[in-house]
Amino acid sequence: SLTLNNVFIFAKNKTNISPRKAGFIKSITSEEGDLVKKGQILAYLDDSDFIYKLEELKFISEKQKSDYLRRKFLYDEGAISRETLEEFKNKFNTSNAKLKDAIQEKEFYLIKAPFEGVITAKYAEIGSYVAPSSNLTNNGNSKSSIFELSNGKEIIAKVPESDIGRIRVSQESIIRVDAFPDQRFKAKVKEIGPRASKPDNVTSFEVTLSLIQPP
């Protein structure tokens with residue numbers, strides 16, 4: 001089998017995790033290097049003001065419900081008009097809808113992993129102010145990012161022009177990675193780049209491989 005030395009490992013999927021709502025970080029449950037599952041909670045935003053708002057909406061909704069049921073009884077007894085009943089029914093429906101929206105908003109204070117992977121960077125600490133990402137930048141140093149999450153490995157080998165004719169798709173090879181200088185790993189060729197590049201006046205092709213034996 002072919003041995004490849006000029007090999008680089010990249011994350012197949014990588015994303016910066018930002019909150020859906022601006023706020024201060026209350027607690028962090030994951031650190032750099034942690035393996036996390038999809039949907040796992042990585043951090044919590046401070047929700048003390050939101051909890052107060054939620055309790056207030058619950059109180060209002062319960063009051064509007066009580067008022068509506070009382071008017072419904074009076075309407076059934078013929079004591080008030082249909083128009084008055086509808087007025088109190090609409091007030092109850094409106095307050096109940098606001099409460100349901102707020103309950104869903106509670107999820108915004110939980111920072112969750114969008115996919116399974118490894119936390120490869122942590123950009124914020126407890127007490128840091130963070131805000132939703134504008135998606136215009138992938139800069140982890142901005143106030144929008146809390147973590148960098150990576151998943152999977154993609155192997156790119158720079159193969160000299162003199163050797164490219166020996167390589168074919170699905171061919172098994174042995175690779176050496178700088179991060180593990182004393183080890184060798186089995187890989188399989190997935191794709192051979194159609195165009196050559198010439199960095200430092202050395203003509204080479206990019207060959208993409210998949211690990212058979214991950215480091």
# chains A, B, ... in the order shown; residues from 1 in each chain; ligands from 1
>>> residues_around(residues="Gln40 in chain A", least_positions_apart="3", cutoff="8 Å", atoms="only C-alpha atoms", output="MDAnalysis selection string")
chainID A and resid 36:37 112:113
>>> closest_atom_pairs(of="range 55-171 of chain A", to="range 11-31 of chain A", cutoff="8 Å", atoms="only C-alpha atoms", output="tab-separated table")
residue	atom	partner	partner_atom	distance
A:Phe108	CA	A:Arg20	CA	5.6
A:Tyr109	CA	A:Lys21	CA	7.1
A:Ile111	CA	A:Pro19	CA	6.2
A:Ala113	CA	A:Ile17	CA	7.6
A:Ile119	CA	A:Glu31	CA	6.8
A:Lys122	CA	A:Glu31	CA	6.8
A:Glu125	CA	A:Ile25	CA	7.1
A:Ile126	CA	A:Ile25	CA	5.1
A:Gly127	CA	A:Ile25	CA	5.0
A:Ser128	CA	A:Phe24	CA	5.4
A:Tyr129	CA	A:Phe24	CA	4.4
A:Val130	CA	A:Ala22	CA	5.6
A:Ala131	CA	A:Ala22	CA	4.0
A:Pro132	CA	A:Pro19	CA	5.1
A:Ser133	CA	A:Ser18	CA	5.9
A:Asn138	CA	A:Asn16	CA	6.8
A:Gly140	CA	A:Asn16	CA	6.8
A:Ser144	CA	A:Ser18	CA	5.4
A:Ser145	CA	A:Ser18	CA	4.6
A:Ile146	CA	A:Ser18	CA	5.7
A:Phe147	CA	A:Ile17	CA	5.2
A:Glu148	CA	A:Asn16	CA	4.4
A:Leu149	CA	A:Thr15	CA	5.5
A:Ser150	CA	A:Lys14	CA	4.3
A:Asn151	CA	A:Asn13	CA	5.0
A:Gly152	CA	A:Lys12	CA	5.0
A:Lys153	CA	A:Ala11	CA	4.7
A:Glu154	CA	A:Lys12	CA	5.3
>>> residues_around(residues="range 85-88 of chain A", least_positions_apart="3", cutoff="6 Å", atoms="only C-alpha atoms", output="PyMOL selection string")
chain A and resi 68+71+82+91
>>> closest_residue(among="A:Asn96, A:Thr84, A:Gln171, A:Thr120", to="Thr208 in chain A", atoms="only C-alpha atoms")
A:Gln171
>>> select_by_dssp(residues="range 15-157 of chain A", states="helix (DSSP H, G or I)", output="PyMOL selection string")
chain A and resi 48-76+82-109
>>> residues_around(residues="Thr94 in chain A", least_positions_apart="6", cutoff="12 Å", atoms="only C-alpha atoms", output="PyMOL selection string")
chain A and resi 57+60-62+64-65+68+87-88+100-101
>>> write_last_selection(atoms="N, CA and C atoms", output="compact mmCIF listing (two decimals), in the first residue's frame")
# COMPACT_ATOMS: atom_id res chain seq x y z
N LEU A 57 -46.99 36.58 33.46
CA LEU A 57 -47.89 36.17 32.37
C LEU A 57 -48.81 35.04 32.82
N ILE A 60 -51.56 36.68 34.88
CA ILE A 60 -52.50 37.39 34.02
C ILE A 60 -53.41 36.42 33.27
N SER A 61 -52.81 35.33 32.75
CA SER A 61 -53.59 34.34 32.00
C SER A 61 -54.64 33.68 32.89
N GLU A 62 -54.25 33.34 34.13
CA GLU A 62 -55.21 32.73 35.06
C GLU A 62 -56.34 33.70 35.40
N GLN A 64 -57.43 36.22 33.49
CA GLN A 64 -58.28 36.38 32.31
C GLN A 64 -59.17 35.15 32.10
N LYS A 65 -58.64 33.99 32.43
CA LYS A 65 -59.43 32.76 32.33
C LYS A 65 -60.59 32.79 33.32
N TYR A 68 -63.20 35.26 32.17
CA TYR A 68 -63.96 34.73 31.02
C TYR A 68 -64.98 33.69 31.48
N GLU A 87 -65.77 39.66 24.21
CA GLU A 87 -64.72 40.58 24.63
C GLU A 87 -63.81 39.92 25.67
N PHE A 88 -64.39 39.26 26.66
CA PHE A 88 -63.59 38.61 27.70
C PHE A 88 -62.92 37.33 27.17
N LYS A 100 -48.02 31.05 26.12
CA LYS A 100 -47.47 29.94 25.34
C LYS A 100 -46.19 30.36 24.62
N ASP A 101 -46.18 31.58 24.07
CA ASP A 101 -44.97 32.09 23.40
C ASP A 101 -43.81 32.19 24.40
>>> residues_around(residues="Asn201 in chain A", least_positions_apart="4", cutoff="12 Å", atoms="only C-alpha atoms", output="PyMOL selection string")
chain A and resi 160-161+196-197
>>> select_by_dssp(residues="range 18-172 of chain A", states="strand (DSSP E or B)", output="NGL selection string")
:A and (23-28 or 35-36 or 41-45 or 110-112 or 117-122 or 129-130 or 147-160 or 172)
>>> closest_residue(among="A:Lys53, A:Asp47, A:Phe8, A:Arg176", to="Ala157 in chain A", atoms="only C-alpha atoms")
A:Phe8
>>> atom_distance(atom1="CA of Gly193 in chain A", atom2="CA of Glu206 in chain A")
5.1 Å
>>> atom_distance(atom1="CA of Lys38 in chain A", atom2="CA of Val189 in chain A")
29.0 Å
>>> closest_residue(among="A:Val207, A:Ala187, A:Asp200, A:Asp67", to="Arg166 in chain A", atoms="only C-alpha atoms")
A:Val207
>>> closest_residue(among="A:Lys63, A:Lys158, A:Lys190, A:Lys198", to="Val7 in chain A", atoms="only C-alpha atoms")
A:Lys158
